Amino acid sequence: MSHSASGPATDVLDFDEILNQIGEFGRYQRRNYLLICLPVLFAAANSLSYVFTAGTPTYRCYVPGCDSIEAPDYQADWVPIAVPGTWNKKGSFKPAICERYVANETSTFSWESLQAEQCTAANFTQEKERCLQFVYGSQERTILQEWQLMCEENAWKLAFVGTTHFAGLVIGTALFGYLADRFGRKRIFLFCILFMAVTGIAQALAWDYISFLSFALLNAVGTSGVYPLAFIIGVEMVGPRKREMSSIVLNYFYAVGEALLGLSMFLSDWRQLQLVLSIPPLIFLGYFWIVPESVRWLLARNQREKAGVIIRRAAEVNRRDISIELLASFKQQELDMESTASDQKEKQENSQIWLAVKEVFASHILIVRYANMLFIWAVNAIVYYGLSLNSTSLSGNKYLNFTLVCLVEIPGYSLAWLCLRKLGRRLALSGSLLLCAVTCVASGYLTMRANWLIVSLFLIGKLGITSSFAVIYTYTAEMMPTVIRSGGVGVMSTFARCGAMLAPFVPLLGSYYEPLPLLLFGAVSLMAGLLSLLLPETFHMKLPDTVEEAIALGK
C-alpha cells in the first residue's frame, strides 16, 4: 500500500484491511464501544419518559363529608354508592374520573355534616354532577395535576405529548444524519447528547403546558440522534464479522435504558424524574477528549493524518503491529487532482441517484413492493410503540409491567438474529408479525383469566413485534438498489415514525371498549404478516446494485 514517489495519485485505504492488522474488535474497540453504548441508556429512557411525566394517575371525584380531608381513600367501601363507575368481569369497581352522584336533598344530612359511616345509597340520587376536587389512587404526580388536565376533554392533550415527541424524532432523524456525514460522527453525537440533556432539564422546569410541549419536541429532536449515531460509530469501528454483534448489543442497551424508567415508581414527581434522566448525560461531554472520531469517516474525507493517529493508538492498545507500508500511507495529502476527481464523482453519484429514483417509479413491481414495505414499516412502529404505551393500562403494577415489556425486547432482538440466520428474511418477518397478532388478540379477549396469563401473552406480543422491527431493517436494505439503499431505508424509517404519531392515541380507544387497542394491534399485525409473504426472499442472495437487479429479486 505504498505510494509512488513521482505520481500524485493515492491508493484508497480499505479500513477492513486495516482492521485485519490492528484487530477487528480488540481492547481499544471494546472500550470505545462500551463508552458509546452508555449514552444510549439515557436516550432510550428519554424517548419514553412522557409515558410517566404525561401519564394519567388513577383519580376520582372528592366527596365532601365521605372523604377524609387529611387522608382520603381512593378505594373506600362506600365509593360505588357516591361515585358512578363500572364493574369489570373480575368484580372490581372502577370509579368515574370527573363525576359524582348528587346528594339527596330530601335526606336529613348536608355535605358538611355527612360522616363516612353515613355514606349509604339513601344519601345520594342517581343524578350526576361534575366535580373540581379529586382523590388520587397513588402518590404519583404528573403534568395532569400540574396544569389541571383532568377529565375526558383533556385526554387528547396528554396523548398529544407523545405525538409531539414522534414529530421531534422525524425532524431529528432527517437532520442529524446529514450533519453527521457533513461534520463528523463524534461532533454531532456529542451535540445530540448535550441538546438532549439541556432540553430535558428545560422540560423539567417548564412553567405551563405549551412550554412543556415545546421542550418535549426539542428534547425528542436531540434524543433522535443519539442511538443512530452510536449505531453508526459502533458499526464503523469493528470488522465485518463483528457488525451483527455490535448492532444487537447496542439494542440490548436501548432496551435496558427503556426499562430503567420502571424505577420511576420511586420518584413520584414528574419533575424529579425528568431531571434524573437529563442531568447525568452532561457527564458524557468528557467524551470529546476520550472517544475518537470514526476512522472510516476521516478516510472518506481524506483526513489520513488524523486517521493514522487513531489507528496507531488502536494498534498500541490492542498490542498489534502494523506494517511500515500502512504507516507511510497516512501522510496527509491534499491534491487538487483528488479534489477535482472527488467533485466529479459526487456529481456523478447524484445523477445516478435521481436516475435510479425515476426507474423505481417507472416500475410497477417496485412501486407495489415498496408500498407494501411502507405499510409494514408503519404497522411495526404503531404496534411497537403502542404496546409500550398500553403496558401501563394492564392490571397489576404498571411500573413492573412497563419494565417487563421493555426487557422482553432483549430476547426479541435475539430471536430476530436467530430467525434471520435460520429461516430467511421473509419467514422471519411474517412469523414475527403473526406471533404478535395472535398473542395481542388473545390477550385482549382473556380479560377474565389470571393476570399473569394476560401479561405473559402481552409480553410475547411485544417480543414478536420487536423481532419484526429488527428483521425489517435488514430486509429493506437487501431489497434496495445500492445507489439508493441508504436513502430508501431512511424514507421507510421516517414514514414509520410518522405513523408512530398515532400510537399515543390508540390506548384511548380502551375507554370505549377495553380490549379494542389490543385487538387493533392484532388486526394490523395480521394484515402486515400476510402481506409480507408477497415480498421476495433475499437470504443468501447478492445485494442488488441496480434497479434492474432489484426488480429481478425473487424471480
# chains A, B, ... in the order shown; residues from 1 in each chain; ligands from 1
>>> select_by_dssp(residues="stretch 96-300 of chain A", states="helix (DSSP H, G or I)", output="JSON, numbers by chain")
{"A": [116, 117, 118, 121, 122, 123, 143, 144, 145, 146, 152, 153, 154, 155, 156, 157, 158, 159, 160, 161, 162, 163, 164, 165, 166, 167, 168, 169, 170, 171, 172, 173, 174, 175, 176, 177, 178, 179, 180, 181, 182, 183, 185, 186, 187, 188, 189, 190, 191, 192, 193, 194, 195, 196, 197, 198, 199, 200, 201, 202, 203, 204, 209, 210, 211, 212, 213, 214, 215, 216, 217, 218, 219, 220, 221, 222, 223, 224, 225, 226, 227, 228, 229, 230, 231, 232, 233, 234, 235, 236, 240, 241, 242, 243, 244, 245, 246, 247, 248, 249, 250, 251, 252, 253, 254, 255, 256, 257, 258, 259, 260, 261, 262, 263, 264, 265, 266, 270, 271, 272, 273, 274, 275, 276, 277, 278, 280, 281, 282, 283, 284, 285, 286, 287, 288, 289, 295, 296, 297, 298, 299, 300]}
>>> residues_around(residues="A:Arg27", least_positions_apart="5", cutoff="10 Å", atoms="only C-alpha atoms", output="VMD selection string")
chain A and resid 32 to 33 314 to 319
>>> residues_around(residues="A:Ala428", least_positions_apart="4", cutoff="8 Å", atoms="only C-alpha atoms", output="JSON, numbers by chain")
{"A": [416, 419, 420, 423, 424, 432, 468, 471]}
>>> write_last_selection(atoms="N, CA and C atoms", output="compact mmCIF listing (two decimals), in the first residue's frame")
# COMPACT_ATOMS: atom_id res chain seq x y z
N ALA A 416 -34.74 -12.37 16.54
CA ALA A 416 -34.56 -11.86 15.18
C ALA A 416 -33.23 -12.32 14.60
N CYS A 419 -33.62 -16.03 13.75
CA CYS A 419 -34.52 -16.29 12.62
C CYS A 419 -33.92 -15.83 11.30
N LEU A 420 -33.19 -14.72 11.32
CA LEU A 420 -32.56 -14.23 10.10
C LEU A 420 -31.58 -15.26 9.54
N LEU A 423 -34.24 -19.02 9.15
CA LEU A 423 -35.49 -19.06 8.38
C LEU A 423 -35.46 -18.20 7.12
N GLY A 424 -34.52 -17.30 7.03
CA GLY A 424 -34.54 -16.35 5.93
C GLY A 424 -35.32 -15.11 6.31
N SER A 432 -42.76 -13.31 12.83
CA SER A 432 -42.73 -12.38 13.96
C SER A 432 -44.03 -11.58 14.05
N SER A 468 -39.75 -8.40 14.68
CA SER A 468 -40.13 -7.92 13.35
C SER A 468 -39.42 -6.62 13.00
N VAL A 471 -35.86 -7.34 12.07
CA VAL A 471 -35.73 -8.01 10.78
C VAL A 471 -35.94 -7.04 9.62
>>> residues_around(residues="stretch 280-286 of chain A", least_positions_apart="2", cutoff="8 Å", atoms="only C-alpha atoms", output="ChimeraX atom specification")
/A:39,42,190,193-194,197,276-278,288-290
>>> write_last_selection(atoms="all heavy atoms", output="CSV table (one decimal), in the first residue's frame")
chain,number,residue,atom,x,y,z
A,39,PRO,N,-24.4,6.4,26.7
A,39,PRO,CA,-25.4,7.5,26.4
A,39,PRO,C,-26.8,6.9,25.9
A,39,PRO,O,-27.8,7.6,26.0
A,39,PRO,CB,-24.7,8.4,25.4
A,39,PRO,CG,-23.3,8.1,25.6
A,39,PRO,CD,-23.2,6.7,26.0
A,42,PHE,N,-29.6,6.6,28.4
A,42,PHE,CA,-30.4,7.8,28.7
A,42,PHE,C,-31.2,8.2,27.5
A,42,PHE,O,-32.3,8.8,27.7
A,42,PHE,CB,-29.4,8.9,29.2
A,42,PHE,CG,-28.8,8.6,30.5
A,42,PHE,CD1,-27.6,8.0,30.6
A,42,PHE,CD2,-29.4,9.0,31.7
A,42,PHE,CE1,-27.0,7.7,31.8
A,42,PHE,CE2,-28.8,8.7,32.9
A,42,PHE,CZ,-27.6,8.1,33.0
A,190,LEU,N,-22.0,14.1,20.2
A,190,LEU,CA,-21.9,14.8,21.4
A,190,LEU,C,-22.9,16.0,21.5
A,190,LEU,O,-23.4,16.3,22.5
A,190,LEU,CB,-20.4,15.3,21.6
A,190,LEU,CG,-19.4,14.3,21.8
A,190,LEU,CD1,-18.0,14.9,21.9
A,190,LEU,CD2,-19.6,13.4,23.0
A,193,ILE,N,-26.2,14.6,22.5
A,193,ILE,CA,-26.3,14.3,23.9
A,193,ILE,C,-26.5,15.6,24.7
A,193,ILE,O,-27.3,15.6,25.6
A,193,ILE,CB,-25.0,13.6,24.3
A,193,ILE,CG1,-24.9,12.2,23.7
A,193,ILE,CG2,-25.0,13.4,25.9
A,193,ILE,CD1,-23.6,11.5,23.9
A,194,LEU,N,-25.7,16.6,24.4
A,194,LEU,CA,-25.8,17.9,25.1
A,194,LEU,C,-27.2,18.5,24.9
A,194,LEU,O,-27.8,19.0,25.9
A,194,LEU,CB,-24.8,18.9,24.6
A,194,LEU,CG,-24.8,20.3,25.1
A,194,LEU,CD1,-24.6,20.3,26.6
A,194,LEU,CD2,-23.8,21.2,24.4
A,197,ALA,N,-29.8,16.6,26.9
A,197,ALA,CA,-29.7,16.9,28.4
A,197,ALA,C,-30.3,18.3,28.7
A,197,ALA,O,-31.1,18.5,29.6
A,197,ALA,CB,-28.2,16.8,28.8
A,276,VAL,N,-33.6,13.6,36.7
A,276,VAL,CA,-32.7,12.4,36.9
A,276,VAL,C,-32.3,11.8,35.5
A,276,VAL,O,-31.2,11.3,35.4
A,276,VAL,CB,-33.5,11.3,37.7
A,276,VAL,CG1,-32.8,10.0,37.6
A,276,VAL,CG2,-33.6,11.7,39.2
A,277,LEU,N,-33.2,12.0,34.5
A,277,LEU,CA,-32.9,11.5,33.2
A,277,LEU,C,-32.0,12.4,32.4
A,277,LEU,O,-31.4,12.0,31.4
A,277,LEU,CB,-34.2,11.2,32.4
A,277,LEU,CG,-35.1,10.1,33.0
A,277,LEU,CD1,-36.4,10.0,32.1
A,277,LEU,CD2,-34.4,8.8,33.1
A,278,SER,N,-32.0,13.7,32.8
A,278,SER,CA,-31.4,14.7,31.9
A,278,SER,C,-30.1,15.3,32.4
A,278,SER,O,-29.2,15.6,31.6
A,278,SER,CB,-32.4,15.9,31.8
A,278,SER,OG,-33.6,15.5,31.2
A,288,PHE,N,-15.4,14.1,24.4
A,288,PHE,CA,-14.7,14.9,23.4
A,288,PHE,C,-13.2,14.7,23.5
A,288,PHE,O,-12.6,14.7,22.5
A,288,PHE,CB,-15.0,16.4,23.7
A,288,PHE,CG,-14.4,17.3,22.7
A,288,PHE,CD1,-15.0,17.6,21.5
A,288,PHE,CD2,-13.1,17.9,22.9
A,288,PHE,CE1,-14.4,18.4,20.5
A,288,PHE,CE2,-12.6,18.8,21.9
A,288,PHE,CZ,-13.2,19.0,20.7
A,289,TRP,N,-12.7,14.3,24.7
A,289,TRP,CA,-11.3,14.1,24.8
A,289,TRP,C,-11.0,12.6,24.9
A,289,TRP,O,-9.8,12.2,25.0
A,289,TRP,CB,-10.8,14.8,26.1
A,289,TRP,CG,-10.9,16.3,26.0
A,289,TRP,CD1,-10.0,17.1,25.4
A,289,TRP,CD2,-11.9,17.1,26.5
A,289,TRP,NE1,-10.4,18.4,25.5
A,289,TRP,CE2,-11.6,18.4,26.2
A,289,TRP,CE3,-13.1,16.8,27.2
A,289,TRP,CZ2,-12.4,19.5,26.5
A,289,TRP,CZ3,-13.9,17.9,27.5
A,289,TRP,CH2,-13.6,19.2,27.2
A,290,ILE,N,-12.0,11.7,24.9
A,290,ILE,CA,-11.8,10.3,25.1
A,290,ILE,C,-12.2,9.5,23.9
A,290,ILE,O,-11.4,8.6,23.5
A,290,ILE,CB,-12.7,9.8,26.3
A,290,ILE,CG1,-12.3,10.6,27.6
A,290,ILE,CG2,-12.5,8.3,26.6
A,290,ILE,CD1,-13.2,10.3,28.8
>>> closest_residue(among="A:Ile97, A:Ala378, A:Leu267, A:Met492", to="A:Val524", atoms="only C-alpha atoms")
A:Ala378
>>> closest_residue(among="A:Asn451, A:Ser456, A:Thr53, A:Ser443", to="A:Ala206", atoms="only C-alpha atoms")
A:Thr53
>>> closest_residue(among="A:Phe402, A:Phe183, A:Tyr101, A:Tyr59", to="A:Gln133", atoms="only C-alpha atoms")
A:Tyr59
>>> residues_around(residues="stretch 526-533 of chain A", least_positions_apart="4", cutoff="9 Å", atoms="only C-alpha atoms", output="list in words")
Asn372, Met373, Phe375, Ile376, Trp377, Val379, Asn380, Arg426, Leu427, Leu429, Ser430, Gly431, Ser432, Leu433, Leu434, Leu435, Cys436, Ala437, Val438, Phe521 and Gly522 of chain A
>>> residues_around(residues="A:Gly510", least_positions_apart="5", cutoff="12 Å", atoms="only C-alpha atoms", output="PyMOL selection string")
chain A and resi 390+393-394+444+505+515-520
>>> closest_residue(among="A:Ser395, A:Thr466, A:Thr142, A:Gln148", to="A:Ser92", atoms="only C-alpha atoms")
A:Ser395
